[in-house]
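Colleague: Okay, handing you the structure first.
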Amino acid sequence: MTRRVGVLSPRSSHPDQLLAHARAAIDHGRSAAHAGEVTSKIPALAAVDPASFGLSVTTVDGAELGVGDCVVQFSLQSLTKLFALVALLRVEPEAWAHVGWAPTELGYGSVAELERSAGRPRNPFVNAGALIVTDRLLHHTGSAVETVAELVRDLAGDPAVASDAAVSASEAGADHRNRALAHVLAEHGRLLNDVDDVLAHYYAQCAITGSALGVARAGRFLVDRRLHGRVLDSDNVRRINAVLLTAGMYGAAGDIAYRVGLPAKSGVGGGVLAVLPGVGTVCAWSPPLDREGNSVGGVAAIEQFSRTSGWSVF
């Protein structure tokens with residue numbers, strides 16, 4: 001599937017060239033994916049076909065293309081943290097004070113790191129930070145999960161975006177770490193709502209589904225200044241892109257910056273979204289993960305795409 005609109009910027013390529021880059025990237029990613037394993041932390045996701053692979057690219061000039069399983073719905077998981085943060089900043093622009101913006105030192109689920117910082121999360125993309133975002137969004141809107149789902153639906157132009165109740169229940173039944181983090185946050189007076197309510201919305205938020213094509217579209221506001229006014233102010237878009245580069249891939253953020261050179265966010269459902277401000281977005285979906293919880297094939301595909309297309313912030 002390829003849609004051609006307008007003339008691409010010099011740092012990008014003609015749509016036919018982008019499509020060639022995408023096809024080469026997905027072939028490279030499929031080969032790399034064999035080194036990973038589908039998550040076992042969420043039983044409902046353990047049955048996902050590890051051979052699934054989709055990749056989609058959008059540009060600020062209106063070009064849009066996809067290869068492989070790019071329209072197949074998958075569990076967005078931590079990719080929703082990005083959109084939850086956007087939704088919160090729209091109603092509480094000063095929310096950064098509650099979640100921080102520093103890289104993590106001990107991983108996305110560290111209780112020790114949270115304790116060491118007196119209950120203030122390092123950034124909004126570690127699980128403790130995402131719980132704070134969910135809590136404050138619930139406080140402001142009454143439904144964190146529906147607010148995030150509605151935002152993703154709107155940005156992706158995909159009415160199929162919704163929370164999967166089976167995945168949410170599966171995560172809730174198997175999870176202990178996020179419960180521990182939520183209780184530490186409550187102990188330090190960081191939560192506005194009851195722990196169980198926050199966790200219920202957090203699990204349901206993570207269970208929101210989307211496609212590689214939809215996520216690439218949804219992320220376009222991060223690269224296209226013409227969309228800032230409709231979605232979020234330019235200052236906060238700049239801050240989000242900065243934190244994506246330094247913390248969006250958790251402990252692997254430095255490695256991803258070195259290998260790929262793009263701000264990026266991942267989820268244990270196998271999705272990875274990378275952005276190049278002023279040029280475009282690329283989203284890959286491949287379920288097998290590495291030890292950091294990032295898609296092995298997805299990262300490899302985006303690395304290949306960035307290399308051949310010349311997409312990099314550096």
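By convention here, the chains of the structure tokens are called A, B, ... in the order presented, each chain's residues are numbered starting at 1, and ligands are numbered starting at 1 in the order presented.
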Each residue of stretch 180-229 of chain A lying at most 12 Å from stretch 261-270 of chain A should get a row with its shortest atom-to-atom pair and the distance in Å to one decimal, counting only C-alpha atoms; could you produce that, ordered by chain and increasing number, as a Markdown table?

Modeller:
| residue | atom | partner | partner_atom | distance |
| --- | --- | --- | --- | --- |
| A:Cys206 | CA | A:Gly267 | CA | 8.9 |
| A:Ala207 | CA | A:Gly269 | CA | 9.2 |
| A:Ile208 | CA | A:Gly269 | CA | 10.4 |
| A:Thr209 | CA | A:Gly269 | CA | 9.5 |
| A:Gly210 | CA | A:Gly269 | CA | 10.5 |
| A:Ser211 | CA | A:Gly270 | CA | 11.0 |
| A:Ala212 | CA | A:Gly270 | CA | 10.2 |
| A:Val215 | CA | A:Lys265 | CA | 10.9 |
| A:Ala216 | CA | A:Ala264 | CA | 11.5 |
| A:Gly219 | CA | A:Ala264 | CA | 10.4 |
| A:Leu222 | CA | A:Pro263 | CA | 10.0 |
| A:Val223 | CA | A:Pro263 | CA | 10.6 |

Colleague: Among stretch 17-215 of chain A, which residues carry a DSSP assignment of strand (DSSP E or B), reported as an NGL selection string?

Modeller: :A and (37 or 54-59 or 64-68 or 74-75 or 163 or 208-210)

Colleague: As an MDAnalysis selection string, please: the residues near stretch 97-111 of chain A (cut-off 8 Å, only C-alpha atoms, same-chain neighbours under 4 positions excluded).

Modeller: chainID A and resid 115 120:129 132:133 177:178 180:181 184 243 246:247 250:251 292

Colleague: Write a file of the just-selected residues containing C-alpha atoms, as an mmCIF file, in the first residue's frame.

Modeller:
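Dumped everything to result-v9.cif:
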data_model
loop_
_atom_site.group_PDB
_atom_site.id
_atom_site.type_symbol
_atom_site.label_atom_id
_atom_site.label_comp_id
_atom_site.auth_asym_id
_atom_site.auth_seq_id
_atom_site.Cartn_x
_atom_site.Cartn_y
_atom_site.Cartn_z
ATOM 1 C CA GLU A 115 12.303 5.028 46.383
ATOM 2 C CA ARG A 120 9.064 11.138 42.027
ATOM 3 C CA PRO A 121 9.471 9.154 38.790
ATOM 4 C CA ARG A 122 12.477 9.831 36.584
ATOM 5 C CA ASN A 123 10.348 10.414 33.480
ATOM 6 C CA PRO A 124 6.826 9.789 32.137
ATOM 7 C CA PHE A 125 7.841 6.679 30.175
ATOM 8 C CA VAL A 126 9.022 4.471 33.042
ATOM 9 C CA ASN A 127 6.090 2.626 34.584
ATOM 10 C CA ALA A 128 5.983 4.760 37.734
ATOM 11 C CA GLY A 129 5.854 7.906 35.616
ATOM 12 C CA ILE A 132 1.357 9.240 37.664
ATOM 13 C CA VAL A 133 0.209 10.358 34.202
ATOM 14 C CA ARG A 177 5.535 -4.937 39.823
ATOM 15 C CA ASN A 178 3.160 -2.137 38.840
ATOM 16 C CA ALA A 180 4.235 -2.350 44.018
ATOM 17 C CA LEU A 181 5.108 0.869 42.182
ATOM 18 C CA VAL A 184 5.118 3.240 46.694
ATOM 19 C CA VAL A 243 12.577 12.775 26.345
ATOM 20 C CA THR A 246 16.851 10.103 26.079
ATOM 21 C CA ALA A 247 14.302 7.820 27.754
ATOM 22 C CA TYR A 250 14.504 2.887 28.627
ATOM 23 C CA GLY A 251 17.990 1.515 29.342
ATOM 24 C CA GLU A 292 15.116 -4.415 27.593
#

Colleague: Out of A:Ala63, A:Ala51, A:Val231, A:Leu79, which residue has the shortest atom-to-atom distance to A:Val91 when counting only C-alpha atoms?

Modeller: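 Closest candidate: A:Val231.
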
Colleague: Going by DSSP on the backbone, which bits of stretch 76-266 of chain A are alpha helix (DSSP H)? Write them as a ChimeraX atom specification, please.

Modeller: /A:79-91,96-99,111-116,127-141,144-156,165-174,177-187,195-206,212-218,228-231,234-247,253-259

Colleague: Excluding stretch 70-73 of chain A and any residue of its chain fewer than 3 positions from it, enumerate the residues within 10 Å of it, using only C-alpha atoms, and give them as a PyMOL selection string.

Modeller: chain A and resi 1+52-57+65-67+76+160-162+208-216+283-285

Colleague: Since we have the selection now, will you write its residues out, keeping C-alpha atoms, as an mmCIF file, in the first residue's frame?

Modeller:
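Saved result, result-v2.cif, follows:
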data_model
loop_
_atom_site.group_PDB
_atom_site.id
_atom_site.type_symbol
_atom_site.label_atom_id
_atom_site.label_comp_id
_atom_site.auth_asym_id
_atom_site.auth_seq_id
_atom_site.Cartn_x
_atom_site.Cartn_y
_atom_site.Cartn_z
ATOM 1 C CA MET A 1 0.000 0.000 0.000
ATOM 2 C CA SER A 52 3.994 -10.993 12.424
ATOM 3 C CA PHE A 53 5.720 -7.926 11.007
ATOM 4 C CA GLY A 54 4.416 -4.596 9.800
ATOM 5 C CA LEU A 55 6.082 -1.295 8.988
ATOM 6 C CA SER A 56 4.636 2.058 7.991
ATOM 7 C CA VAL A 57 6.099 5.464 7.105
ATOM 8 C CA LEU A 65 3.138 3.872 2.856
ATOM 9 C CA GLY A 66 3.082 0.519 4.549
ATOM 10 C CA VAL A 67 4.476 -2.964 4.063
ATOM 11 C CA LEU A 76 0.126 -0.860 21.957
ATOM 12 C CA ALA A 160 -11.021 0.411 15.403
ATOM 13 C CA VAL A 161 -8.710 1.756 18.126
ATOM 14 C CA ALA A 162 -10.069 0.509 21.463
ATOM 15 C CA ILE A 208 -5.412 -0.178 23.638
ATOM 16 C CA THR A 209 -4.890 -1.577 20.146
ATOM 17 C CA GLY A 210 -3.631 0.050 16.974
ATOM 18 C CA SER A 211 -1.763 -0.733 13.770
ATOM 19 C CA ALA A 212 1.671 0.252 12.517
ATOM 20 C CA LEU A 213 -0.035 2.469 9.941
ATOM 21 C CA GLY A 214 -2.226 4.098 12.579
ATOM 22 C CA VAL A 215 0.606 4.671 15.053
ATOM 23 C CA ALA A 216 2.805 6.233 12.356
ATOM 24 C CA CYS A 283 6.471 2.582 13.014
ATOM 25 C CA ALA A 284 7.444 -1.081 13.052
ATOM 26 C CA TRP A 285 5.623 -3.970 14.708
#

Colleague: Using only C-alpha atoms, can you tell me which of A:Ala35, A:Leu151, A:Val145, A:Ala24 comes closest to A:Tyr202?

Modeller: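 Distance minimum relative to A:Tyr202 lands on A:Val145.
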
Colleague: Give me the residues within 10 Å of A:Gly36 as a compact mmCIF listing (two decimals) with all heavy atoms, in the first residue's frame, counting only C-alpha atoms and dropping any in the same chain fewer than 6 places off.

Modeller:
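Everything below was put into result-v9.txt:
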# COMPACT_ATOMS: atom_id res chain seq x y z
N PRO A 50 4.77 -14.82 16.46
CA PRO A 50 6.06 -14.12 16.45
C PRO A 50 6.53 -13.73 15.06
O PRO A 50 7.42 -12.88 14.92
CB PRO A 50 7.02 -15.14 17.08
CG PRO A 50 6.37 -16.47 16.84
CD PRO A 50 4.89 -16.21 16.92
N SER A 286 6.81 -5.90 15.50
CA SER A 286 7.33 -7.27 15.48
C SER A 286 7.35 -7.75 16.92
O SER A 286 8.08 -7.19 17.74
CB SER A 286 8.73 -7.31 14.87
OG SER A 286 9.31 -8.59 14.97
N PRO A 287 6.57 -8.77 17.29
CA PRO A 287 6.38 -9.14 18.70
C PRO A 287 7.61 -9.61 19.49
O PRO A 287 7.69 -9.32 20.69
CB PRO A 287 5.32 -10.24 18.63
CG PRO A 287 4.58 -9.98 17.37
CD PRO A 287 5.62 -9.48 16.41
N PRO A 288 8.59 -10.34 18.93
CA PRO A 288 9.70 -10.81 19.76
C PRO A 288 10.53 -9.66 20.33
O PRO A 288 10.89 -8.71 19.61
CB PRO A 288 10.54 -11.66 18.78
CG PRO A 288 9.56 -12.09 17.73
CD PRO A 288 8.65 -10.92 17.57
N LEU A 289 10.83 -9.74 21.63
CA LEU A 289 11.50 -8.65 22.35
C LEU A 289 12.91 -9.03 22.78
O LEU A 289 13.25 -10.21 22.89
CB LEU A 289 10.70 -8.29 23.60
CG LEU A 289 9.19 -8.06 23.44
CD1 LEU A 289 8.57 -7.79 24.80
CD2 LEU A 289 8.92 -6.94 22.46
N ASP A 290 13.72 -8.00 23.08
CA ASP A 290 15.03 -8.23 23.69
C ASP A 290 14.89 -8.11 25.21
O ASP A 290 13.80 -7.97 25.75
CB ASP A 290 16.08 -7.25 23.14
CG ASP A 290 15.72 -5.78 23.42
OD1 ASP A 290 14.90 -5.51 24.33
OD2 ASP A 290 16.28 -4.90 22.74
N ARG A 291 16.01 -8.15 25.93
CA ARG A 291 15.96 -8.12 27.39
C ARG A 291 15.48 -6.79 27.94
O ARG A 291 15.03 -6.71 29.08
CB ARG A 291 17.35 -8.44 27.96
CG ARG A 291 17.78 -9.88 27.72
CD ARG A 291 19.12 -10.16 28.35
NE ARG A 291 19.54 -11.55 28.15
CZ ARG A 291 20.67 -12.06 28.60
NH1 ARG A 291 21.52 -11.29 29.28
NH2 ARG A 291 20.96 -13.32 28.37
N GLY A 293 12.98 -5.23 26.71
CA GLY A 293 11.56 -5.13 26.42
C GLY A 293 11.25 -4.41 25.12
O GLY A 293 10.11 -4.03 24.87
N ASN A 294 12.27 -4.24 24.27
CA ASN A 294 12.10 -3.58 22.98
C ASN A 294 12.05 -4.63 21.87
O ASN A 294 12.73 -5.65 21.94
CB ASN A 294 13.24 -2.61 22.71
CG ASN A 294 13.30 -1.49 23.73
OD1 ASN A 294 12.27 -0.95 24.12
ND2 ASN A 294 14.49 -1.13 24.16
N SER A 295 11.29 -4.36 20.83
CA SER A 295 11.17 -5.28 19.70
C SER A 295 12.51 -5.43 18.98
O SER A 295 13.08 -4.45 18.48
CB SER A 295 10.12 -4.75 18.71
OG SER A 295 10.15 -5.49 17.51
N VAL A 296 13.02 -6.66 18.91
CA VAL A 296 14.29 -6.91 18.24
C VAL A 296 14.18 -6.59 16.76
O VAL A 296 15.00 -5.85 16.20
CB VAL A 296 14.74 -8.38 18.43
CG1 VAL A 296 16.03 -8.65 17.66
CG2 VAL A 296 14.93 -8.70 19.89
N GLY A 297 13.16 -7.16 16.12
CA GLY A 297 12.99 -6.92 14.70
C GLY A 297 12.59 -5.50 14.37
O GLY A 297 13.04 -4.94 13.37

Colleague: Skip A:Arg307 itself and residues of its chain fewer than 2 positions away, then list as a PyMOL selection string all residues within 10 Å of it, counting only C-alpha atoms.

Modeller: chain A and resi 21+25+259-261+301-305+309-312

Colleague: Would you output that residue set with N, CA and C atoms, as a PDB file, in the first residue's frame?

Modeller:
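Below is the file that was written, again.pdb:
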ATOM      1  N   HIS A  21      13.097   1.477   0.615  1.00  0.00           N
ATOM      2  CA  HIS A  21      13.767   1.469   1.926  1.00  0.00           C
ATOM      3  C   HIS A  21      12.955   0.654   2.935  1.00  0.00           C
ATOM      4  N   ALA A  25      13.996  -2.714   4.854  1.00  0.00           N
ATOM      5  CA  ALA A  25      14.023  -2.657   6.314  1.00  0.00           C
ATOM      6  C   ALA A  25      13.237  -3.811   6.925  1.00  0.00           C
ATOM      7  N   ARG A 259      22.642   3.855  17.346  1.00  0.00           N
ATOM      8  CA  ARG A 259      22.389   3.001  16.188  1.00  0.00           C
ATOM      9  C   ARG A 259      21.405   3.614  15.194  1.00  0.00           C
ATOM     10  N   VAL A 260      20.389   4.296  15.712  1.00  0.00           N
ATOM     11  CA  VAL A 260      19.295   4.761  14.865  1.00  0.00           C
ATOM     12  C   VAL A 260      19.312   6.276  14.683  1.00  0.00           C
ATOM     13  N   GLY A 261      19.540   7.011  15.770  1.00  0.00           N
ATOM     14  CA  GLY A 261      19.599   8.464  15.679  1.00  0.00           C
ATOM     15  C   GLY A 261      18.254   9.136  15.581  1.00  0.00           C
ATOM     16  N   ALA A 301      14.698  -3.098  11.994  1.00  0.00           N
ATOM     17  CA  ALA A 301      14.098  -2.566  10.771  1.00  0.00           C
ATOM     18  C   ALA A 301      14.214  -1.046  10.714  1.00  0.00           C
ATOM     19  N   ILE A 302      13.939  -0.391  11.834  1.00  0.00           N
ATOM     20  CA  ILE A 302      14.026   1.072  11.846  1.00  0.00           C
ATOM     21  C   ILE A 302      15.471   1.528  11.707  1.00  0.00           C
ATOM     22  N   GLU A 303      16.404   0.777  12.297  1.00  0.00           N
ATOM     23  CA  GLU A 303      17.826   1.101  12.117  1.00  0.00           C
ATOM     24  C   GLU A 303      18.207   1.014  10.640  1.00  0.00           C
ATOM     25  N   GLN A 304      17.775  -0.051   9.976  1.00  0.00           N
ATOM     26  CA  GLN A 304      18.057  -0.214   8.556  1.00  0.00           C
ATOM     27  C   GLN A 304      17.418   0.903   7.737  1.00  0.00           C
ATOM     28  N   PHE A 305      16.160   1.227   8.073  1.00  0.00           N
ATOM     29  CA  PHE A 305      15.459   2.287   7.346  1.00  0.00           C
ATOM     30  C   PHE A 305      16.160   3.631   7.524  1.00  0.00           C
ATOM     31  N   SER A 309      17.662   5.582   4.287  1.00  0.00           N
ATOM     32  CA  SER A 309      16.923   6.783   3.923  1.00  0.00           C
ATOM     33  C   SER A 309      17.642   8.065   4.333  1.00  0.00           C
ATOM     34  N   GLY A 310      18.606   7.941   5.249  1.00  0.00           N
ATOM     35  CA  GLY A 310      19.308   9.123   5.739  1.00  0.00           C
ATOM     36  C   GLY A 310      18.574   9.843   6.843  1.00  0.00           C
ATOM     37  N   TRP A 311      17.529   9.204   7.401  1.00  0.00           N
ATOM     38  CA  TRP A 311      16.767   9.824   8.482  1.00  0.00           C
ATOM     39  C   TRP A 311      17.571   9.749   9.793  1.00  0.00           C
ATOM     40  N   SER A 312      17.907  10.884  10.352  1.00  0.00           N
ATOM     41  CA  SER A 312      18.605  10.963  11.637  1.00  0.00           C
ATOM     42  C   SER A 312      18.561  12.395  12.125  1.00  0.00           C
TER      43      SER A 312
END
